[in-house]
Each structure stands twice: as C-alpha cells, then as structure tokens.
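Trainee: Got a structure for you, run.cif, holding mmCIF, C-alpha atoms.
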```
data_model
loop_
_atom_site.label_atom_id
_atom_site.label_comp_id
_atom_site.auth_asym_id
_atom_site.auth_seq_id
_atom_site.Cartn_x
_atom_site.Cartn_y
_atom_site.Cartn_z
CA MET N 720 -27.44 -11.34 -10.58
CA SER N 721 -27.04 -8.02 -8.82
CA MET N 722 -29.87 -6.12 -7.29
CA ALA N 723 -28.37 -2.68 -7.48
CA ALA N 724 -28.68 -0.80 -10.70
CA VAL N 725 -25.00 -0.10 -10.92
CA GLU N 726 -22.52 -2.39 -9.28
CA THR N 727 -18.95 -1.42 -9.69
CA LYS N 728 -16.54 -4.24 -9.96
CA LYS N 729 -13.78 -4.36 -7.39
CA ILE N 730 -10.29 -5.64 -7.77
CA THR N 731 -8.23 -6.78 -4.81
CA LEU N 732 -4.57 -5.93 -4.64
CA ARG N 733 -2.10 -7.21 -2.09
CA THR N 734 0.97 -5.12 -1.30
CA ALA N 735 4.48 -6.17 -0.35
CA ASP N 736 3.68 -5.66 3.32
CA ASN N 737 0.61 -7.85 3.01
CA HIS N 738 -2.12 -5.26 3.08
CA GLU N 739 -5.08 -5.85 0.84
CA PHE N 740 -6.64 -2.99 -1.03
CA GLU N 741 -9.95 -3.21 -2.77
CA VAL N 742 -10.23 -0.78 -5.63
CA GLU N 743 -12.77 -0.08 -8.28
CA GLU N 744 -11.99 -1.66 -11.58
CA ALA N 745 -11.67 1.75 -13.25
CA ILE N 746 -8.85 2.63 -10.95
CA ALA N 747 -7.06 -0.69 -11.33
CA MET N 748 -7.23 -0.19 -15.08
CA GLU N 749 -5.16 2.96 -14.70
CA PHE N 750 -2.28 0.68 -13.83
CA SER N 751 -1.23 -0.54 -17.23
CA THR N 752 0.61 -3.48 -15.76
CA ILE N 753 -2.64 -4.72 -14.25
CA LYS N 754 -4.74 -3.80 -17.24
CA THR N 755 -2.52 -5.82 -19.50
CA PHE N 756 -2.64 -8.70 -17.09
CA PHE N 757 -6.42 -8.71 -17.13
CA ASP N 758 -6.55 -8.32 -20.88
CA GLU N 759 -4.52 -11.45 -21.17
CA ASN N 760 -6.19 -13.30 -18.32
CA PRO N 761 -9.85 -12.25 -18.36
CA ASP N 762 -10.79 -14.96 -15.89
CA ALA N 763 -8.42 -13.70 -13.28
CA SER N 764 -10.42 -10.66 -12.29
CA GLU N 765 -11.74 -12.32 -9.14
CA ASP N 766 -8.28 -13.15 -7.91
CA THR N 767 -6.20 -11.08 -5.61
CA ILE N 768 -3.33 -9.52 -7.45
CA PRO N 769 -0.03 -9.57 -5.58
CA LEU N 770 2.15 -6.49 -5.89
CA PRO N 771 5.43 -7.54 -4.34
CA ASN N 772 7.18 -4.35 -5.35
CA VAL N 773 4.72 -1.89 -3.88
CA THR N 774 4.27 -0.94 -0.24
CA SER N 775 0.90 -0.07 1.21
CA LYS N 776 2.06 3.47 1.83
CA CYS N 777 2.82 3.91 -1.85
CA LEU N 778 -0.25 2.12 -3.07
CA SER N 779 -2.64 4.20 -1.05
CA ALA N 780 -1.04 7.40 -2.34
CA ILE N 781 -1.21 6.07 -5.87
CA ILE N 782 -4.84 5.09 -5.50
CA GLU N 783 -5.66 8.56 -4.22
CA TYR N 784 -3.89 10.08 -7.18
CA CYS N 785 -5.69 7.92 -9.71
CA LYS N 786 -9.05 8.48 -8.08
CA SER N 787 -8.59 12.23 -8.16
CA HIS N 788 -7.40 12.28 -11.72
CA LEU N 789 -10.24 10.07 -12.87
CA ALA N 790 -12.63 12.49 -11.23
CA PHE N 791 -10.96 15.42 -12.96
CA ARG N 792 -11.18 13.70 -16.30
CA ALA N 793 -14.86 12.98 -15.80
CA ARG N 794 -15.56 16.67 -15.66
CA GLU N 795 -15.71 18.92 -18.66
CA THR N 796 -12.34 20.10 -19.81
CA SER N 797 -11.63 23.72 -19.11
CA SER N 798 -8.71 25.83 -18.12
CA SER N 799 -9.98 25.96 -14.59
CA ILE N 800 -9.96 22.18 -14.41
CA ASP N 801 -6.41 22.21 -15.77
CA GLU N 802 -5.52 24.67 -13.07
CA GLN N 803 -7.03 22.42 -10.44
CA VAL N 804 -5.14 19.44 -11.77
CA ARG N 805 -1.90 21.38 -11.63
CA THR N 806 -2.60 22.47 -8.09
CA TYR N 807 -3.50 18.94 -7.08
CA ASP N 808 -0.29 17.57 -8.55
CA GLU N 809 1.79 20.23 -6.83
CA GLU N 810 0.21 19.48 -3.50
CA PHE N 811 0.63 15.77 -4.04
CA VAL N 812 4.34 16.19 -4.46
CA LYS N 813 5.10 19.08 -2.17
CA ALA N 814 4.51 17.31 1.11
CA ARG N 815 6.63 14.29 0.25
CA ASP N 816 10.29 13.97 0.99
CA ASN N 817 12.83 12.79 -1.53
CA GLU N 818 12.77 9.18 -0.37
CA SER N 819 9.00 8.98 -0.72
CA LEU N 820 9.18 10.44 -4.18
CA LYS N 821 11.66 7.81 -5.21
CA GLU N 822 9.53 5.04 -3.77
CA LEU N 823 6.53 6.38 -5.60
CA ILE N 824 8.48 6.54 -8.82
CA LEU N 825 9.53 2.95 -8.49
CA ALA N 826 5.95 1.90 -7.75
CA ALA N 827 4.48 3.94 -10.60
CA ASN N 828 7.13 2.50 -12.87
CA TYR N 829 6.31 -1.03 -11.82
CA LEU N 830 2.59 -0.50 -12.16
CA ASN N 831 3.16 1.45 -15.35
CA ILE N 832 1.04 4.51 -14.69
CA LYS N 833 2.31 6.86 -17.31
CA ALA N 834 0.77 10.15 -16.22
CA LEU N 835 1.81 9.70 -12.62
CA LEU N 836 5.28 8.59 -13.57
CA ASP N 837 5.79 11.56 -15.87
CA MET N 838 4.55 13.91 -13.22
CA LEU N 839 6.79 12.43 -10.53
CA ASN N 840 9.82 12.38 -12.80
CA GLN N 841 9.36 16.02 -13.56
CA ALA N 842 8.91 16.77 -9.88
CA VAL N 843 12.20 15.09 -9.12
CA ALA N 844 13.87 16.89 -12.01
CA ASP N 845 12.61 20.15 -10.55
CA ARG N 846 14.07 19.21 -7.20
CA ILE N 847 17.52 18.58 -8.55
CA LYS N 848 17.59 21.52 -10.93
CA ASN N 849 20.24 24.04 -10.09
CA LYS N 850 21.43 22.04 -7.16
CA SER N 851 24.96 21.17 -6.30
CA VAL N 852 26.62 17.97 -7.38
CA GLU N 853 26.72 16.86 -3.77
CA TYR N 854 22.99 17.39 -3.39
CA VAL N 855 22.25 15.28 -6.42
CA ARG N 856 24.50 12.53 -5.10
CA ARG N 857 22.69 12.55 -1.80
CA PHE N 858 19.35 12.59 -3.51
CA PHE N 859 20.00 9.43 -5.45
CA GLY N 860 22.11 7.85 -2.74
CA LEU N 861 25.17 7.78 -4.93
CA GLU N 862 28.81 7.90 -4.25
CA ASN N 863 31.37 9.86 -6.17
CA ASP N 864 33.04 7.08 -8.08
CA TYR N 865 35.46 9.29 -9.93
CA THR N 866 39.10 9.58 -9.06
CA PRO N 867 40.37 13.13 -8.76
CA GLU N 868 42.07 12.75 -12.13
CA GLU N 869 38.87 11.55 -13.75
CA GLU N 870 36.96 14.41 -12.22
CA ALA N 871 39.39 16.95 -13.60
CA ALA N 872 39.23 15.29 -16.99
CA ILE N 873 35.44 15.42 -17.01
CA ARG N 874 35.39 19.04 -16.12
CA ALA N 875 37.77 19.83 -18.92
CA GLU N 876 35.81 17.64 -21.29
CA ASN N 877 32.56 19.37 -20.41
CA GLU N 878 33.75 22.77 -21.37
CA TRP N 879 34.56 21.53 -24.81
CA ALA N 880 31.66 19.12 -25.17
CA PHE N 881 29.01 21.65 -24.46
CA GLU N 882 30.28 24.20 -26.92
CA GLY N 883 28.92 22.30 -29.86
CA VAL N 884 25.59 21.48 -28.32
CA ASP N 885 24.05 24.69 -29.61
CA PRO N 886 21.35 23.39 -31.96
CA ASP N 887 21.97 25.99 -34.63
CA ASP N 888 25.45 24.74 -35.39
CA ASP N 889 26.11 21.97 -37.83
CA MET Z 229 36.30 11.80 16.47
CA GLU Z 230 36.63 12.33 12.86
CA MET Z 231 33.10 11.37 11.95
CA ALA Z 232 32.81 14.96 11.03
CA SER Z 233 29.61 16.00 12.59
CA GLY Z 234 29.44 18.40 9.75
CA ARG Z 235 29.28 15.55 7.36
CA VAL Z 236 26.52 13.72 9.08
CA TYR Z 237 24.64 16.91 9.47
CA ARG Z 238 24.67 17.61 5.82
CA SER Z 239 23.79 14.24 4.48
CA PRO Z 240 20.90 12.79 6.36
CA SER Z 241 20.29 10.03 3.92
CA LEU Z 242 23.82 8.80 3.32
CA ARG Z 243 26.43 6.75 5.04
CA LEU Z 244 28.22 8.29 7.92
CA THR Z 245 31.63 6.89 7.14
CA HIS Z 246 34.18 7.16 4.41
CA GLY Z 247 34.33 3.53 3.56
CA GLY Z 248 31.73 1.54 1.77
CA VAL Z 249 31.19 -1.02 4.45
CA ASN Z 250 27.66 -2.22 4.08
CA GLU Z 251 27.02 -2.79 7.69
CA GLU Z 252 27.89 0.71 8.58
CA GLU Z 253 25.92 2.02 5.69
CA GLU Z 254 22.77 0.42 6.88
CA LEU Z 255 23.41 1.53 10.39
CA GLY Z 256 24.01 4.99 9.20
CA LEU Z 257 20.77 5.04 7.33
CA GLY Z 258 18.85 3.55 10.16
CA PHE Z 259 20.27 5.93 12.59
CA VAL Z 260 19.74 9.09 10.91
CA ARG Z 261 16.19 8.13 10.20
CA TYR Z 262 15.45 7.26 13.73
CA THR Z 263 17.00 10.29 15.24
CA ARG Z 264 15.46 12.69 12.87
CA GLY Z 265 13.41 14.37 15.50
CA LEU Z 266 16.22 15.09 17.90
CA GLY Z 267 18.38 18.13 17.79
CA ARG Z 268 22.06 18.38 17.29
CA LYS Z 269 22.66 15.72 19.84
CA ARG Z 270 21.55 13.13 17.40
CA ILE Z 271 24.82 13.33 15.59
CA GLU Z 272 26.80 12.31 18.57
CA ILE Z 273 24.50 9.49 19.38
CA SER Z 274 24.70 8.08 15.90
CA ASN Z 275 28.43 8.24 15.90
CA GLU Z 276 28.65 6.38 19.12
CA MET Z 277 26.26 3.77 17.89
CA GLU Z 278 28.38 3.18 14.89
CA GLU Z 279 31.47 2.54 16.86
CA SER Z 280 30.09 0.28 19.51
CA LEU Z 281 27.57 -1.93 17.87
CA PRO Z 282 27.24 -4.43 20.70
CA LEU Z 283 25.78 -1.82 22.92
CA ASP Z 284 27.30 -2.60 26.21
CA SER Z 285 29.43 0.37 26.97
CA ALA Z 286 28.07 3.05 29.13
CA THR Z 287 27.69 6.30 27.35
CA GLU Z 288 26.26 9.66 27.92
CA PHE Z 289 22.86 8.57 26.78
CA PRO Z 290 22.44 5.01 27.93
CA LEU Z 291 18.69 5.02 27.80
CA LEU Z 292 18.49 6.29 24.29
CA LYS Z 293 21.04 3.78 23.26
CA ARG Z 294 18.93 0.91 24.44
CA GLN Z 295 15.96 2.26 22.63
CA CYS Z 296 18.16 2.79 19.64
CA SER Z 297 19.25 -0.80 19.60
CA GLU Z 298 15.74 -2.18 19.61
CA ARG Z 299 14.51 0.14 17.00
CA MET Z 300 17.64 -0.39 15.05
CA VAL Z 301 16.74 -3.99 14.46
CA MET Z 302 13.36 -3.00 13.15
CA MET Z 303 14.85 -0.16 11.20
CA MET Z 304 17.25 -2.43 9.46
CA ILE Z 305 14.42 -4.54 8.20
CA ASP Z 306 12.55 -1.47 7.02
CA ASP Z 307 15.71 0.00 5.66
CA TYR Z 308 16.07 -2.89 3.37
CA HIS Z 309 13.29 -1.34 1.40
CA GLU Z 310 14.63 2.15 1.82
CA LYS Z 311 18.08 1.18 0.81
CA SER Z 312 16.97 -0.61 -2.29
CA ALA Z 313 14.78 2.33 -3.23
CA LEU Z 314 17.71 4.65 -2.80
CA GLU Z 315 20.12 2.64 -4.81
CA SER Z 316 18.11 1.04 -7.50
CA LEU Z 317 16.39 3.67 -9.55
CA PRO Z 318 16.65 1.96 -12.90
CA GLN Z 319 18.50 3.71 -15.65
CA ASP Z 320 15.48 4.32 -17.84
CA VAL Z 321 13.81 6.17 -14.99
CA LEU Z 322 16.98 8.18 -14.33
CA ILE Z 323 17.09 9.12 -17.98
CA ARG Z 324 13.55 10.38 -17.95
CA ILE Z 325 14.16 12.41 -14.85
CA ILE Z 326 17.24 13.94 -16.38
CA CYS Z 327 15.25 14.83 -19.48
CA GLY Z 328 13.24 17.11 -17.24
CA VAL Z 329 16.11 19.24 -16.00
CA ASP Z 330 17.32 22.39 -17.63
CA HIS Z 331 20.03 22.21 -20.21
CA LYS Z 332 22.43 24.08 -18.01
CA ASP Z 333 22.13 21.41 -15.35
CA LEU Z 334 23.38 18.70 -17.68
CA LYS Z 335 26.95 19.80 -17.26
CA GLN Z 336 26.76 19.49 -13.51
CA LEU Z 337 25.21 16.08 -13.75
CA PHE Z 338 28.27 14.74 -15.49
CA ASN Z 339 30.20 15.27 -12.28
CA VAL Z 340 27.84 13.41 -10.01
CA SER Z 341 28.79 9.83 -10.70
CA LYS Z 342 29.51 7.49 -13.55
CA SER Z 343 26.01 6.09 -13.69
CA ILE Z 344 24.44 9.55 -13.74
CA ARG Z 345 26.87 10.60 -16.39
CA GLU Z 346 25.85 7.70 -18.56
CA ALA Z 347 22.18 8.45 -18.10
CA THR Z 348 22.82 12.11 -18.84
CA VAL Z 349 24.61 11.31 -22.07
CA ILE Z 350 21.68 9.23 -23.21
CA ALA Z 351 19.20 11.89 -22.14
CA LYS Z 352 21.18 14.52 -23.97
CA GLN Z 353 21.13 12.46 -27.11
CA SER Z 354 17.39 11.96 -26.97
CA HIS Z 355 16.87 15.64 -26.35
CA PHE Z 356 18.76 16.69 -29.42
CA ALA Z 357 19.07 13.72 -31.66
CA TYR Z 358 16.61 13.41 -34.47
CA SER Z 359 16.12 9.71 -34.33
CA THR Z 360 13.76 8.02 -31.92
CA PRO Z 361 15.82 6.45 -29.16
CA THR Z 362 14.53 2.92 -29.23
CA LYS Z 363 17.08 1.89 -26.63
CA ILE Z 364 15.00 3.37 -23.88
CA LYS Z 365 11.95 1.54 -25.10
CA ALA Z 366 13.75 -1.74 -24.79
CA PHE Z 367 13.77 -1.46 -21.03
CA ARG Z 368 10.03 -1.75 -20.97
CA THR Z 369 7.90 -4.72 -21.62
CA SER Z 370 5.43 -5.23 -24.44
CA ILE Z 371 3.04 -2.99 -22.54
CA ASP Z 372 4.60 -0.11 -24.38
CA PHE Z 373 3.18 -1.11 -27.72
CA GLU Z 374 0.11 0.93 -27.22
CA GLU Z 375 2.20 3.85 -26.13
CA SER Z 376 4.61 3.96 -29.02
CA SER Z 377 2.90 7.01 -30.41
CA ASN Z 378 3.56 8.77 -27.14
CA LEU Z 379 7.24 8.02 -27.11
CA ASP Z 380 7.98 11.61 -27.92
CA ASP Z 381 6.14 12.74 -24.87
CA ILE Z 382 7.99 10.43 -22.57
CA GLU Z 383 11.36 12.03 -23.16
CA ALA Z 384 10.91 15.75 -22.85
CA PRO Z 385 7.43 17.20 -22.78
CA ASN Z 386 8.52 20.77 -23.02
CA ALA Z 387 11.79 20.71 -24.90
CA PRO Z 388 11.87 22.08 -28.44
CA LYS Z 389 13.05 18.68 -29.51
CA LEU Z 390 10.63 18.09 -32.34
CA LYS Z 391 11.47 21.32 -34.07
CA LEU Z 392 15.13 20.51 -33.91
CA ARG Z 393 14.55 17.17 -35.45
CA PHE Z 394 12.83 18.53 -38.46
CA GLN Z 395 15.18 21.39 -38.88
CA ARG Z 396 18.15 19.12 -38.92
CA LYS Z 397 16.63 16.76 -41.40
CA ILE Z 398 15.75 19.52 -43.78
CA ASN Z 399 19.12 21.18 -43.54
CA ARG Z 400 20.96 18.03 -44.29
CA ARG Z 401 18.79 17.23 -47.22
CA LYS Z 402 19.11 20.69 -48.61
CA LEU Z 403 22.84 20.49 -48.26
CA ALA Z 404 22.87 17.16 -49.97
CA ASP Z 405 20.78 18.48 -52.82
CA ILE Z 406 22.96 21.49 -53.24
CA SER Z 407 26.06 19.38 -53.24
CA VAL Z 408 24.69 17.15 -55.93
CA ALA Z 409 23.73 20.09 -58.09
CA LEU Z 410 27.14 21.68 -57.74
CA PHE Z 411 29.08 18.63 -58.57
CA ALA Z 412 26.75 16.95 -60.99
#
```
Please express what this file holds, its structure, as structure tokens.
Mentor:
Amino acid sequence: MSMAAVETKKITLRTADNHEFEVEEAIAMEFSTIKTFFDENPDASEDTIPLPNVTSKCLSAIIEYCKSHLAFRARETSSSIDEQVRTYDEEFVKARDNESLKELILAANYLNIKALLDMLNQAVADRIKNKSVEYVRRFFGLENDYTPEEEAAIRAENEWAFEGVDPDDD
Amino acid sequence: MEMASGRVYRSPSLRLTHGGVNEEEELGLGFVRYTRGLGRKRIEISNEMEESLPLDSATEFPLLKRQCSERMVMMMIDDYHEKSALESLPQDVLIRIICGVDHKDLKQLFNVSKSIREATVIAKQSHFAYSTPTKIKAFRTSIDFEESSNLDDIEAPNAPKLKLRFQRKINRRKLADISVALFA
C-alpha cells in the first residue's frame, strides 16, 4: 500500500466559506463531533466533511490550538509544561477581540472540543468579571429588556436574594 | 443630531439608534466595523450614512461615502455572520461562561437582560445546588455520554461546589437522624 514507513491519515474539512482544510486524523479526532461521526460511519473517512457553522478563520485558529495542545500532551507531564500550556492559552486568547472569542466559542461548541470550549468560556468570564452592566450588554450584543419598574424590582430583589446564598446557612 | 456621538463612541459593536429597527442595526454594525480605523470623524460619517441610505446627497465626505456604500454591501453579507454570532450564543454556553465569573458578579448579571438573568439563575443553582443539573446536559447530543463523568468539571472548575454538596447532604441527614431520635 504505502511506501513510507509512517503515513498519517488526513481528513478533509470544508468550512462555511468554502475553504478546504486537510488535517491529520489525530487533530480531527479532537473534535468530538467529527470523532463521533467517524465512529458511526467508518467508511466515511475519505469524504470531505462539511462544517457549515465554522468559518475558515475560526477553523484555522482551532486547528492551531489542537495541534499545539496535542504536542504538549505528547511531552512528559511536568509543571513547566503546565506553565507553557497556560502561557499558550493566554496568548491564544489575549490577541483576540470579543467578537472573535464569541465566534470561536460557537465553533468549539459545534465541533465539541471540550478543553478549548472550557478555556474560551473561562476567558470570556474573565473578560466580563467586574465589568459594568452596560459592558456586559455590549459584549453579548444584548439590549436592556427591562422596564424601569422591573429594573428597580430586580435590584431590590437582589439585595434580599443574595443574603441567603451564604453556603453555611441552612 | 441626537445620535449622541457619545453613544456611538462607547458601543462599537451595538446599534447606533434607540429603536430596534433591523435595517439600522445592521447598518450600525457594518459601519462601525468599517470605520474602525478612522478617528473621531468616523462617528459623524456613520451617523450620516444611517440617515441617508440612498447615498445621493452631498456631504462633507463624499468620497468616503461612496466607498462606504460599496463596502457596506459586502459588510452586510459578512455581518450576517457577525450578527448571528453576537446574538445567538446558546443558553448552555452562556451558563457555562457565567459559571466562570466571581460570585460577586452574579448580582450585576441579573441586571443585564432577561436572558442573562435566566442563565445566571441556572448557573447559580448549579454552583450551589447539590444535585447534578441534568437540564444543561439535555442541550447536548448523545456525544456527551462519554463525558458524563466530567459533568462536574464543565460547570465550575474552581468553585468549592463539591464540598458544598457533601456538606449539605450530611447536614440534612444528621438533622433527620437527630429529629427521629428526639421524637421516636
């Protein structure tokens, strides 16, 4: 069959904007959505997989992420590796604006890449921590759908509601 | 012009108007994106664009306007993606994000909008409740079967949630036992 000693299998993915990406099988298997698909359709591995919910911009970032993390995992575990992973993740997120993060989250959610999704969710949580209500609205593209009366009621309710949240009570 | 330049300035990714007219929303989005690189002047340009969509009228920046109009068409197509990304973060994702904020932020989140409030309530419950919130799992497909053991990790990786769970269970049982003994 193959002449080379090791021939890595490639999977072809087609994004929403019609770009085709060829990735190593190991990377495609990081996307649980795709892994499950192949588990259930073992003959489909030669086909191009369409990803109508993922743009090429997102997919290439995601592929980079998975490649890097696979490489990290292949090395011996150590605290210095952990440190490098943390640094890598921080860098991955830092340069991206809020819109890109949201797009990535949607893509990682669709492809079901748990580690990436968790990391991105936490990154977004960090970005909205301690921010004003207005900032959070802008971040998610939301409108204030409360009437002034409702808003006042919520504020009053909060004071009371959060008294009892202390875990030692009850 | 009431399109408070202050407003536009502060919210680069939102509509520029009060109303929820879709057309203007998309324009607003498109505009601000396009004019990101320009200085303060961008605000005025965007406002003018909004008002006179069929770009015939002469304005202070006629050339830019023409460029704007061409790019606007392309932007609107692109923005379809942007807009849907902005507006359609599914609730289960919102919940997970909210699980990552600090407890003191939860209060604030209630005030953001009704949908965020709902997600926050659910997140709060899964932070502190001692039963596994299967509701969240239902949003996923069967893919999650292999991850059921990791469900705890999905919600709040660093919250003292597990301890709480056990503590509560024990306390209630102890109380129940004591009650029985007293009144037996």
Trainee: Could you spell out the hits of the PyMOL selection byres ((chain N) within 7 of (chain Z)) on the shown file, as a PyMOL selection string?
Mentor: chain N and resi 755+821-822+825+840-841+843-845+848-849+852+855-857+859-860+862-865+870+877
Trainee: Quick one: distance from CA of Asp736 in chain N to CA of Leu778 in chain N in Å, one decimal?
Mentor: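 Separation between CA of Asp736 in chain N and CA of Leu778 in chain N: 10.8 Å.
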Trainee: Any idea what the distance is between CA of Pro771 in chain N and CA of Tyr829 in chain N?
Mentor: 10.0 Å
Trainee: Apply the PyMOL selection byres ((chain N and resi 739) around 12) to the structure shown and report the selected residues as a list in words.
Mentor: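 Taken over the shown coordinates, the PyMOL selection byres ((chain N and resi 739) around 12) returns Ile730, Thr731, Leu732, Arg733, Thr734, Ala735, Asp736, Asn737, His738, Phe740, Glu741, Val742, Asp766, Thr767, Ile768, Pro769, Leu770, Pro771, Val773, Thr774, Ser775, Lys776, Leu778 and Ser779 of chain N.
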Trainee: Calculate how many Å separate CA of Arg815 in chain N from CA of Lys786 in chain N, rounding to one decimal.
Mentor: 18.7 Å
